[in-house]
file structure_21.cif (mmCIF, C-alpha atoms)
data_upload
loop_
_atom_site.group_PDB
_atom_site.id
_atom_site.type_symbol
_atom_site.label_atom_id
_atom_site.label_comp_id
_atom_site.auth_asym_id
_atom_site.auth_seq_id
_atom_site.Cartn_x
_atom_site.Cartn_y
_atom_site.Cartn_z
ATOM 1 C CA MET W 1 0.000 0.000 0.000
ATOM 2 C CA ALA W 2 2.815 2.381 0.823
ATOM 3 C CA VAL W 3 4.539 1.843 -2.519
ATOM 4 C CA PRO W 4 1.738 3.142 -4.814
ATOM 5 C CA ALA W 5 0.960 5.949 -2.357
ATOM 6 C CA ALA W 6 4.597 7.092 -2.340
ATOM 7 C CA SER W 7 4.839 6.757 -6.124
ATOM 8 C CA ILE W 8 1.843 9.075 -6.578
ATOM 9 C CA LEU W 9 3.307 11.663 -4.208
ATOM 10 C CA LEU W 10 6.634 11.526 -6.052
ATOM 11 C CA GLY W 11 5.013 11.552 -9.510
ATOM 12 C CA LEU W 12 6.706 8.302 -10.534
ATOM 13 C CA THR W 13 5.656 6.494 -13.718
ATOM 14 C CA SER W 14 8.080 3.579 -13.579
ATOM 15 C CA PRO W 15 8.283 0.719 -13.176
ATOM 16 C CA THR W 16 5.217 0.494 -15.374
ATOM 17 C CA PRO W 17 3.369 -2.062 -13.164
ATOM 18 C CA ILE W 18 3.159 0.712 -10.569
ATOM 19 C CA LEU W 19 0.832 2.597 -12.935
ATOM 20 C CA ALA W 20 -1.827 -0.079 -12.478
ATOM 21 C CA LEU W 21 -1.607 0.239 -8.686
ATOM 22 C CA GLN W 22 -1.845 4.033 -8.927
ATOM 23 C CA GLY W 23 -5.023 3.670 -10.941
ATOM 24 C CA MET W 24 -6.575 1.460 -8.270
ATOM 25 C CA VAL W 25 -6.099 3.812 -5.302
ATOM 26 C CA PRO W 26 -9.664 3.279 -3.976
ATOM 27 C CA ILE W 27 -9.097 -0.501 -3.959
ATOM 28 C CA VAL W 28 -5.387 -0.822 -3.153
ATOM 29 C CA LEU W 29 -5.430 1.456 -0.101
ATOM 30 C CA ALA W 30 -8.748 0.206 1.315
ATOM 31 C CA PRO W 31 -7.114 -2.469 3.573
ATOM 32 C CA ALA W 32 -5.333 0.328 5.475
ATOM 33 C CA TRP W 33 -8.601 1.052 7.276
ATOM 34 C CA VAL W 34 -8.917 -2.475 8.669
ATOM 35 C CA ILE W 35 -5.222 -3.070 9.316
ATOM 36 C CA GLY W 36 -4.940 0.285 11.064
ATOM 37 C CA ALA W 37 -7.926 -0.374 13.308
ATOM 38 C CA VAL W 38 -6.565 -3.780 14.325
ATOM 39 C CA ALA W 39 -3.073 -2.347 14.865
ATOM 40 C CA PHE W 40 -4.331 0.385 17.190
ATOM 41 C CA ARG W 41 -6.474 -2.107 19.076
ATOM 42 C CA ARG W 42 -3.402 -4.273 19.624
ATOM 43 C CA ARG W 43 -1.257 -1.233 20.402
ATOM 44 C CA ARG W 44 0.973 -1.652 17.374
ATOM 45 C CA TRP W 45 1.449 2.083 17.206
ATOM 46 C CA ILE W 46 3.925 2.249 14.308
ATOM 47 C CA VAL W 47 1.824 0.053 12.024
ATOM 48 C CA GLY W 48 -1.285 1.955 13.080
ATOM 49 C CA ALA W 49 0.364 5.310 12.373
ATOM 50 C CA VAL W 50 1.501 4.225 8.909
ATOM 51 C CA CYS W 51 -2.027 3.016 8.109
ATOM 52 C CA GLY W 52 -3.408 6.303 9.423
ATOM 53 C CA VAL W 53 -1.218 8.216 6.975
ATOM 54 C CA LEU W 54 -2.386 5.941 4.146
ATOM 55 C CA VAL W 55 -6.038 6.482 5.081
ATOM 56 C CA ILE W 56 -5.563 10.264 5.034
ATOM 57 C CA ALA W 57 -3.793 10.042 1.677
ATOM 58 C CA GLN W 58 -6.562 7.910 0.223
ATOM 59 C CA LEU W 59 -9.243 10.357 1.396
ATOM 60 C CA TRP W 60 -7.219 13.262 -0.022
ATOM 61 C CA TRP W 61 -7.192 11.589 -3.425
ATOM 62 C CA ILE W 62 -10.658 10.088 -3.659
ATOM 63 C CA VAL W 63 -12.949 12.652 -2.021
ATOM 64 C CA PRO W 64 -12.614 15.216 -4.866
ATOM 65 C CA ALA W 65 -13.457 12.480 -7.380
ATOM 66 C CA ALA W 66 -16.440 11.240 -5.378
ATOM 67 C CA THR W 67 -18.050 14.602 -4.602
ATOM 68 C CA ALA W 68 -19.983 16.548 -7.220
ATOM 69 C CA ASP W 69 -19.031 20.174 -7.788
ATOM 70 C CA GLY W 70 -22.537 21.070 -8.924
ATOM 71 C CA PRO W 71 -23.203 22.827 -12.230
ATOM 72 C CA PRO W 72 -22.436 26.552 -12.390
ATOM 73 C CA ALA W 73 -25.358 28.973 -12.466
ATOM 74 C CA TRP W 74 -24.968 29.688 -16.172
ATOM 75 C CA ALA W 75 -25.305 26.020 -17.200
ATOM 76 C CA SER W 76 -29.084 25.761 -16.855
ATOM 77 C CA GLY W 77 -29.790 28.251 -19.634
ATOM 78 C CA ALA W 78 -26.798 27.486 -21.824
ATOM 79 C CA PRO W 79 -26.864 25.588 -25.134
ATOM 80 C CA HIS W 80 -25.742 22.005 -24.724
ATOM 81 C CA PHE W 81 -24.927 18.851 -26.669
ATOM 82 C CA THR W 82 -24.458 15.161 -25.948
ATOM 83 C CA LEU W 83 -21.229 13.244 -26.543
ATOM 84 C CA TYR W 84 -20.726 9.482 -26.598
ATOM 85 C CA SER W 85 -17.262 7.990 -26.181
ATOM 86 C CA GLY W 86 -16.310 4.324 -26.487
ATOM 87 C CA ASN W 87 -13.347 2.105 -27.285
ATOM 88 C CA VAL W 88 -14.782 -0.626 -29.537
ATOM 89 C CA ARG W 89 -11.578 -2.787 -29.255
ATOM 90 C CA TYR W 90 -9.727 -3.491 -32.477
ATOM 91 C CA ASP W 91 -9.996 -7.299 -32.240
ATOM 92 C CA ASN W 92 -13.540 -7.421 -30.870
ATOM 93 C CA ASP W 93 -15.122 -10.755 -31.806
ATOM 94 C CA ARG W 94 -18.645 -9.326 -31.355
ATOM 95 C CA LYS W 95 -18.511 -6.589 -33.966
ATOM 96 C CA GLY W 96 -22.090 -7.253 -35.075
ATOM 97 C CA ASP W 97 -23.300 -6.760 -31.506
ATOM 98 C CA VAL W 98 -21.269 -3.551 -31.322
ATOM 99 C CA ALA W 99 -23.092 -2.224 -34.393
ATOM 100 C CA ALA W 100 -26.452 -3.130 -32.870
ATOM 101 C CA GLU W 101 -25.535 -1.427 -29.595
ATOM 102 C CA LEU W 102 -24.363 1.750 -31.312
ATOM 103 C CA MET W 103 -27.629 1.944 -33.238
ATOM 104 C CA GLY W 104 -29.206 2.746 -29.890
ATOM 105 C CA VAL W 105 -26.892 5.739 -29.395
ATOM 106 C CA HIS W 106 -28.373 9.122 -30.304
ATOM 107 C CA ALA W 107 -25.614 11.514 -29.234
ATOM 108 C CA GLU W 108 -24.775 14.544 -31.356
ATOM 109 C CA VAL W 109 -21.062 13.750 -31.171
ATOM 110 C CA VAL W 110 -19.664 10.201 -31.164
ATOM 111 C CA VAL W 111 -16.013 9.399 -30.412
ATOM 112 C CA LEU W 112 -14.825 5.866 -31.234
ATOM 113 C CA ASN W 113 -11.381 4.462 -30.446
ATOM 114 C CA GLU W 114 -9.786 1.462 -32.196
ATOM 115 C CA MET W 115 -12.150 1.561 -35.194
ATOM 116 C CA MET W 116 -11.063 -1.003 -37.766
ATOM 117 C CA PRO W 117 -12.306 -1.134 -41.401
ATOM 118 C CA ASP W 118 -14.481 -4.205 -40.821
ATOM 119 C CA GLN W 119 -16.239 -2.532 -37.882
ATOM 120 C CA ARG W 120 -16.803 0.596 -39.951
ATOM 121 C CA GLU W 121 -18.297 -1.488 -42.747
ATOM 122 C CA LEU W 122 -20.766 -3.065 -40.317
ATOM 123 C CA LEU W 123 -21.765 0.368 -39.013
ATOM 124 C CA GLU W 124 -22.334 1.590 -42.564
ATOM 125 C CA ARG W 125 -24.488 -1.425 -43.367
ATOM 126 C CA ALA W 126 -26.533 -0.839 -40.216
ATOM 127 C CA GLY W 127 -27.155 2.793 -41.202
ATOM 128 C CA PHE W 128 -25.297 4.258 -38.231
ATOM 129 C CA MET W 129 -22.859 6.346 -40.267
ATOM 130 C CA GLN W 130 -25.641 7.906 -42.301
ATOM 131 C CA ARG W 131 -27.028 9.606 -39.206
ATOM 132 C CA TYR W 132 -24.093 11.994 -39.076
ATOM 133 C CA SER W 133 -23.344 14.782 -41.501
ATOM 134 C CA THR W 134 -19.609 14.741 -40.731
ATOM 135 C CA VAL W 135 -17.333 11.763 -40.170
ATOM 136 C CA VAL W 136 -13.605 12.292 -39.566
ATOM 137 C CA ALA W 137 -11.329 9.281 -39.169
ATOM 138 C CA SER W 138 -7.641 8.513 -39.067
ATOM 139 C CA ASP W 139 -6.287 5.642 -41.146
ATOM 140 C CA PRO W 140 -5.894 2.578 -38.893
ATOM 141 C CA SER W 141 -2.300 1.981 -37.784
ATOM 142 C CA GLY W 142 -1.866 -1.202 -35.804
ATOM 143 C CA THR W 143 -4.628 -1.122 -33.208
ATOM 144 C CA PHE W 144 -5.197 2.620 -33.593
ATOM 145 C CA GLY W 145 -8.086 3.700 -35.775
ATOM 146 C CA GLU W 146 -9.772 6.802 -34.369
ATOM 147 C CA MET W 147 -13.086 8.294 -35.467
ATOM 148 C CA ILE W 148 -15.403 11.162 -34.600
ATOM 149 C CA LEU W 149 -18.909 11.636 -35.987
ATOM 150 C CA THR W 150 -21.237 14.583 -35.480
ATOM 151 C CA SER W 151 -24.573 15.981 -36.563
ATOM 152 C CA LEU W 152 -23.671 19.473 -35.320
ATOM 153 C CA PRO W 153 -22.637 22.242 -37.730
ATOM 154 C CA VAL W 154 -18.937 21.726 -38.456
ATOM 155 C CA LEU W 155 -16.692 24.726 -39.049
ATOM 156 C CA ASP W 156 -13.422 22.849 -39.440
ATOM 157 C CA HIS W 157 -11.994 19.360 -39.178
ATOM 158 C CA ARG W 158 -8.612 17.690 -39.490
ATOM 159 C CA VAL W 159 -6.506 14.716 -38.444
ATOM 160 C CA ILE W 160 -3.437 15.613 -36.397
ATOM 161 C CA ALA W 161 -0.482 13.745 -34.907
ATOM 162 C CA VAL W 162 -0.473 13.617 -31.123
ATOM 163 C CA GLY W 163 2.707 11.804 -30.290
ATOM 164 C CA SER W 164 2.785 8.498 -32.159
ATOM 165 C CA VAL W 165 -0.977 8.444 -32.826
ATOM 166 C CA ARG W 166 -3.026 10.357 -35.404
ATOM 167 C CA VAL W 167 -6.403 11.488 -34.110
ATOM 168 C CA PRO W 168 -9.339 13.518 -35.481
ATOM 169 C CA GLU W 169 -10.240 16.998 -34.296
ATOM 170 C CA ILE W 170 -13.331 18.970 -35.273
ATOM 171 C CA THR W 171 -14.647 22.452 -34.575
ATOM 172 C CA VAL W 172 -18.414 22.632 -34.149
ATOM 173 C CA ARG W 173 -20.918 25.358 -33.469
ATOM 174 C CA VAL W 174 -22.943 25.032 -30.272
ATOM 175 C CA GLY W 175 -25.333 27.943 -29.981
ATOM 176 C CA THR W 176 -23.168 30.884 -30.956
ATOM 177 C CA ARG W 177 -19.904 29.383 -29.698
ATOM 178 C CA ARG W 178 -17.146 27.525 -31.503
ATOM 179 C CA VAL W 179 -16.104 24.399 -29.613
ATOM 180 C CA ARG W 180 -13.187 22.177 -30.583
ATOM 181 C CA ILE W 181 -13.440 18.455 -29.895
ATOM 182 C CA LEU W 182 -10.263 16.354 -29.897
ATOM 183 C CA VAL W 183 -10.092 12.563 -29.756
ATOM 184 C CA ALA W 184 -7.670 11.145 -27.174
ATOM 185 C CA HIS W 185 -5.910 7.805 -27.454
ATOM 186 C CA PRO W 186 -2.262 7.784 -26.349
ATOM 187 C CA ARG W 187 -0.528 4.422 -26.400
ATOM 188 C CA SER W 188 -0.974 2.192 -23.367
ATOM 189 C CA PRO W 189 2.059 1.460 -21.163
ATOM 190 C CA GLU W 190 3.884 -1.808 -21.727
ATOM 191 C CA ALA W 191 3.473 -3.728 -18.478
ATOM 192 C CA ALA W 192 6.370 -6.091 -19.143
ATOM 193 C CA SER W 193 9.004 -3.337 -19.316
ATOM 194 C CA TRP W 194 10.615 -1.338 -16.508
ATOM 195 C CA SER W 195 9.643 1.927 -18.172
ATOM 196 C CA ASP W 196 7.844 2.838 -21.385
ATOM 197 C CA PRO W 197 9.191 5.970 -23.079
ATOM 198 C CA ARG W 198 6.476 5.713 -25.782
ATOM 199 C CA TRP W 199 3.732 6.094 -23.161
ATOM 200 C CA GLU W 200 5.567 9.007 -21.593
ATOM 201 C CA ARG W 201 6.069 10.706 -24.979
ATOM 202 C CA ASP W 202 2.448 10.232 -26.045
ATOM 203 C CA GLN W 203 1.161 11.591 -22.733
ATOM 204 C CA ALA W 204 3.504 14.575 -22.979
ATOM 205 C CA ALA W 205 2.406 15.206 -26.565
ATOM 206 C CA LEU W 206 -1.266 15.094 -25.569
ATOM 207 C CA HIS W 207 -0.539 17.601 -22.812
ATOM 208 C CA ARG W 208 1.203 19.990 -25.206
ATOM 209 C CA VAL W 209 -1.600 19.809 -27.783
ATOM 210 C CA ALA W 210 -4.300 20.171 -25.127
ATOM 211 C CA VAL W 211 -2.755 23.271 -23.571
ATOM 212 C CA SER W 212 -2.105 24.830 -26.984
ATOM 213 C CA GLU W 213 -5.642 24.175 -28.249
ATOM 214 C CA ALA W 214 -7.193 25.406 -24.994
ATOM 215 C CA MET W 215 -5.660 28.833 -25.593
ATOM 216 C CA ARG W 216 -7.777 29.154 -28.762
ATOM 217 C CA GLY W 217 -11.150 28.767 -27.024
ATOM 218 C CA PRO W 218 -13.490 26.116 -25.562
ATOM 219 C CA LEU W 219 -12.050 22.618 -25.894
ATOM 220 C CA VAL W 220 -13.360 19.116 -25.211
ATOM 221 C CA ILE W 221 -11.040 16.083 -25.207
ATOM 222 C CA ALA W 222 -12.696 12.671 -25.108
ATOM 223 C CA GLY W 223 -11.628 9.079 -25.510
ATOM 224 C CA ASP W 224 -9.327 6.439 -24.065
ATOM 225 C CA PHE W 225 -6.555 8.363 -22.296
ATOM 226 C CA ASN W 226 -4.745 5.215 -21.104
ATOM 227 C CA ALA W 227 -4.209 7.124 -17.865
ATOM 228 C CA THR W 228 -6.032 7.655 -14.587
ATOM 229 C CA ARG W 229 -6.524 10.771 -12.508
ATOM 230 C CA TRP W 230 -3.863 9.673 -9.976
ATOM 231 C CA GLN W 231 -1.087 9.314 -12.522
ATOM 232 C CA ARG W 232 1.204 12.276 -13.096
ATOM 233 C CA PRO W 233 0.436 13.031 -16.783
ATOM 234 C CA PHE W 234 -3.326 13.137 -16.239
ATOM 235 C CA ASP W 235 -2.973 15.064 -12.992
ATOM 236 C CA ASP W 236 -0.901 17.648 -14.890
ATOM 237 C CA LEU W 237 -3.866 18.236 -17.228
ATOM 238 C CA LEU W 238 -6.152 18.821 -14.258
ATOM 239 C CA ASP W 239 -3.596 21.217 -12.746
ATOM 240 C CA ASP W 240 -3.587 23.167 -16.021
ATOM 241 C CA GLY W 241 -7.292 23.948 -15.754
ATOM 242 C CA PHE W 242 -9.037 20.976 -17.378
ATOM 243 C CA SER W 243 -12.018 19.393 -15.649
ATOM 244 C CA ASP W 244 -12.911 15.709 -15.781
ATOM 245 C CA ALA W 245 -16.642 15.241 -16.445
ATOM 246 C CA HIS W 246 -16.915 12.213 -14.151
ATOM 247 C CA ASP W 247 -15.242 14.110 -11.310
ATOM 248 C CA VAL W 248 -17.409 17.189 -11.786
ATOM 249 C CA LEU W 249 -20.529 15.069 -11.387
ATOM 250 C CA GLY W 250 -19.234 13.035 -8.441
ATOM 251 C CA ASP W 251 -18.692 9.870 -10.469
ATOM 252 C CA GLY W 252 -14.900 9.935 -10.531
ATOM 253 C CA LEU W 253 -14.530 6.641 -8.668
ATOM 254 C CA SER W 254 -16.359 4.719 -11.389
ATOM 255 C CA ARG W 255 -14.175 2.345 -13.399
ATOM 256 C CA SER W 256 -14.094 1.756 -17.147
ATOM 257 C CA TRP W 257 -11.413 -0.837 -17.923
ATOM 258 C CA GLY W 258 -10.353 -4.307 -16.933
ATOM 259 C CA PRO W 259 -8.175 -6.750 -18.891
ATOM 260 C CA LEU W 260 -10.151 -9.368 -20.785
ATOM 261 C CA GLU W 261 -7.473 -11.874 -19.778
ATOM 262 C CA LEU W 262 -8.955 -11.886 -16.260
ATOM 263 C CA GLY W 263 -12.249 -13.119 -17.665
ATOM 264 C CA GLY W 264 -14.169 -10.436 -15.800
ATOM 265 C CA PHE W 265 -12.701 -11.386 -12.408
ATOM 266 C CA GLY W 266 -12.839 -8.344 -10.163
ATOM 267 C CA GLY W 267 -14.874 -6.402 -12.709
ATOM 268 C CA LYS W 268 -13.528 -3.181 -14.136
ATOM 269 C CA LEU W 269 -10.492 -1.996 -12.203
ATOM 270 C CA ILE W 270 -9.554 1.531 -13.295
ATOM 271 C CA ARG W 271 -10.956 4.474 -15.272
ATOM 272 C CA LEU W 272 -9.081 5.121 -18.505
ATOM 273 C CA ASP W 273 -11.941 6.722 -20.459
ATOM 274 C CA HIS W 274 -12.493 10.409 -19.805
ATOM 275 C CA CYS W 275 -14.033 13.616 -21.082
ATOM 276 C CA LEU W 276 -11.989 16.706 -20.250
ATOM 277 C CA THR W 277 -13.275 20.243 -20.701
ATOM 278 C CA THR W 278 -11.869 23.735 -20.421
ATOM 279 C CA PRO W 279 -13.600 26.540 -18.497
ATOM 280 C CA GLY W 280 -16.760 27.588 -20.341
ATOM 281 C CA VAL W 281 -17.772 23.985 -21.011
ATOM 282 C CA THR W 282 -19.170 21.883 -18.171
ATOM 283 C CA ALA W 283 -20.736 18.458 -17.770
ATOM 284 C CA THR W 284 -24.317 18.435 -16.508
ATOM 285 C CA GLU W 285 -25.141 14.728 -16.843
ATOM 286 C CA ILE W 286 -23.128 11.558 -17.417
ATOM 287 C CA GLY W 287 -23.737 7.840 -17.502
ATOM 288 C CA ASP W 288 -21.783 4.696 -18.286
ATOM 289 C CA LEU W 289 -23.197 2.341 -20.911
ATOM 290 C CA ASP W 290 -22.302 -1.044 -22.412
ATOM 291 C CA LEU W 291 -20.265 -2.152 -25.425
ATOM 292 C CA PRO W 292 -20.314 -5.887 -26.206
ATOM 293 C CA GLY W 293 -16.927 -7.562 -26.506
ATOM 294 C CA SER W 294 -14.928 -4.499 -25.472
ATOM 295 C CA ASP W 295 -12.619 -4.285 -22.478
ATOM 296 C CA HIS W 296 -13.796 -0.689 -21.969
ATOM 297 C CA VAL W 297 -17.015 0.818 -20.628
ATOM 298 C CA PRO W 298 -18.331 3.640 -22.854
ATOM 299 C CA PHE W 299 -20.091 6.710 -21.508
ATOM 300 C CA GLN W 300 -22.424 9.451 -22.679
ATOM 301 C CA VAL W 301 -22.140 12.960 -21.298
ATOM 302 C CA THR W 302 -24.223 16.110 -21.696
ATOM 303 C CA LEU W 303 -22.106 19.253 -21.979
ATOM 304 C CA ALA W 304 -23.277 22.845 -21.523
ATOM 305 C CA VAL W 305 -21.419 25.637 -23.343
ATOM 306 C CA ARG W 306 -21.317 29.081 -21.789
#
call {"tool": "encode", "arguments": {"input": "structure_21.cif", "output": "structure tokens"}}
result
Amino acid sequence: MAVPAASILLGLTSPTPILALQGMVPIVLAPAWVIGAVAFRRRRWIVGAVCGVLVIAQLWWIVPAATADGPPAWASGAPHFTLYSGNVRYDNDRKGDVAAELMGVHAEVVVLNEMMPDQRELLERAGFMQRYSTVVASDPSGTFGEMILTSLPVLDHRVIAVGSVRVPEITVRVGTRRVRILVAHPRSPEAASWSDPRWERDQAALHRVAVSEAMRGPLVIAGDFNATRWQRPFDDLLDDGFSDAHDVLGDGLSRSWGPLELGGFGGKLIRLDHCLTTPGVTATEIGDLDLPGSDHVPFQVTLAVR
């Protein structure tokens, strides 16, 4: 318990297995409550004190994620739109079920990670693609095929390199405001290595692009960040003024990913899928959904634009 806690405080990102423990702070540090209580009862003061520090650290980290900020006063009368974000998994063996599930989605903006040509073909056959006036996609590279669809008025769109991954970005009109929406999908860390410079570089590149784009006006970043709120790169984004939609609405302790290799044992373990917003855009409603055959849990969020 002390190791992941210390690694968070020090901002460590290696060895890479420590990243998984950092992402599971609510679970990994939970035994400190019981061990500490037993230690104090048995007068093991040193063990009890260490557990007390861990309990305080856990509360410091999880309370902001578990408590809703409440929407600002301007949000109730502001124009808004809905955004769906899901990682369909590149090798999903239930692609037909994915298409059927997405047919039930009626968001004005849809962000899809790991979209492969065969999945896109199934969505076209089902009539899903035809619902949206604009579709922007990057050419699949390995497991990375990123797509954004929207029925909102589009002022600009492009595909840009963010580190080693190419992702779509669009500018839409919501009410009278221009809002940029960027797809996120940095590479995941390689668990078998001591450190993963590619993950570090992709996270740093996402940070640079996010900060640069935020200076141009309202910005929304959605997708599979391959990072959790207790890891240094994601925490840096929050420190630079971005808000996580799940945190804002008190749902920051929800989890969206668990390795399929575990066969569902333990359920989803950490949250990798996020929607970040700059000031002037705020989440007013959010809910996790289902995506057959994926190792990720998608979500749909309603965003108000000041």
call {"tool": "residues_around", "arguments": {"input": "structure_21.cif", "residues": "Arg177 (chain W)", "least_positions_apart": "5", "cutoff": "9 Å", "atoms": "all atoms listed in the file", "output": "list in words"}}
result
Val172, Pro218, Val305 and Arg306 of chain W
call {"tool": "residues_around", "arguments": {"input": "structure_21.cif", "residues": "Glu146 (chain W)", "least_positions_apart": "6", "cutoff": "9 Å", "atoms": "only C-alpha atoms", "output": "list in words"}}
result
Val111, Leu112, Asn113, Glu114, Met115, Met116, Val136, Ala137, Ser138, Asp139, Pro140, Arg166, Val167, Pro168, Val183, Ala184 and His185 of chain W
call {"tool": "resolve_selection", "arguments": {"input": "structure_21.cif", "expression": "the PyMOL selection byres ((chain W and resi 15) around 10)", "output": "list of chain:residue names"}}
result
W:Ser7, W:Leu12, W:Thr13, W:Ser14, W:Thr16, W:Pro17, W:Ile18, W:Leu19, W:Glu190, W:Ala191, W:Ala192, W:Ser193, W:Trp194, W:Ser195, W:Asp196
call {"tool": "resolve_selection", "arguments": {"input": "structure_21.cif", "expression": "the PyMOL selection byres ((chain W and resi 62) around 10)", "output": "list in words"}}
result
Val25, Pro26, Ala57, Gln58, Leu59, Trp60, Trp61, Val63, Pro64, Ala65, Ala66, Thr67, Arg229, Trp230, Asp247, Gly252 and Leu253 of chain W
call {"tool": "write_last_selection", "arguments": {"input": "structure_21.cif", "atoms": "C-alpha atoms", "output": "short mmCIF file (atom, residue, chain, number, x, y, z; two decimals), in the frame of the given file"}}
result
data_model
loop_
_atom_site.label_atom_id
_atom_site.label_comp_id
_atom_site.auth_asym_id
_atom_site.auth_seq_id
_atom_site.Cartn_x
_atom_site.Cartn_y
_atom_site.Cartn_z
CA VAL W 25 -6.10 3.81 -5.30
CA PRO W 26 -9.66 3.28 -3.98
CA ALA W 57 -3.79 10.04 1.68
CA GLN W 58 -6.56 7.91 0.22
CA LEU W 59 -9.24 10.36 1.40
CA TRP W 60 -7.22 13.26 -0.02
CA TRP W 61 -7.19 11.59 -3.42
CA VAL W 63 -12.95 12.65 -2.02
CA PRO W 64 -12.61 15.22 -4.87
CA ALA W 65 -13.46 12.48 -7.38
CA ALA W 66 -16.44 11.24 -5.38
CA THR W 67 -18.05 14.60 -4.60
CA ARG W 229 -6.52 10.77 -12.51
CA TRP W 230 -3.86 9.67 -9.98
CA ASP W 247 -15.24 14.11 -11.31
CA GLY W 252 -14.90 9.94 -10.53
CA LEU W 253 -14.53 6.64 -8.67
#
call {"tool": "atom_distance", "arguments": {"input": "structure_21.cif", "atom1": "CA of Pro186 (chain W)", "atom2": "CA of Leu29 (chain W)"}}
result
27.2 Å
call {"tool": "resolve_selection", "arguments": {"input": "structure_21.cif", "expression": "the PyMOL selection byres ((chain W and resi 202-214) around 7)", "output": "list in words"}}
result
Val162, Gly163, Ser164, Pro186, Arg187, Arg198, Trp199, Glu200, Arg201, Met215, Arg216, Gly217, Pro218, Leu219, Pro233, Leu237 and Thr278 of chain W
call {"tool": "atom_distance", "arguments": {"input": "structure_21.cif", "atom1": "CA of Thr277 (chain W)", "atom2": "CA of Val179 (chain W)"}}
result
10.2 Å
call {"tool": "residues_around", "arguments": {"input": "structure_21.cif", "residues": "Trp74 (chain W)", "least_positions_apart": "5", "cutoff": "12 Å", "atoms": "all atoms listed in the file", "output": "count of residues only"}}
result
9
call {"tool": "atom_distance", "arguments": {"input": "structure_21.cif", "atom1": "CA of Val110 (chain W)", "atom2": "CA of Ala126 (chain W)"}}
result
15.8 Å
call {"tool": "residues_near_point", "arguments": {"input": "structure_21.cif", "point": "(-22.6, 8.1, -24.7)", "cutoff": "9 Å", "atoms": "all atoms listed in the file", "output": "ChimeraX atom specification"}}
result
/W:82-86,105-107,109-111,286-289,298-302
call {"tool": "closest_residue", "arguments": {"input": "structure_21.cif", "among": "W:Gly77, W:Gly223, W:Gly23, W:Gly11", "to": "Gly258 (chain W)", "atoms": "all atoms listed in the file"}}
result
W:Gly23
call {"tool": "closest_residue", "arguments": {"input": "structure_21.cif", "among": "W:Ala283, W:Met24, W:Ala32, W:Ile56", "to": "Asp251 (chain W)", "atoms": "all atoms listed in the file"}}
result
W:Ala283
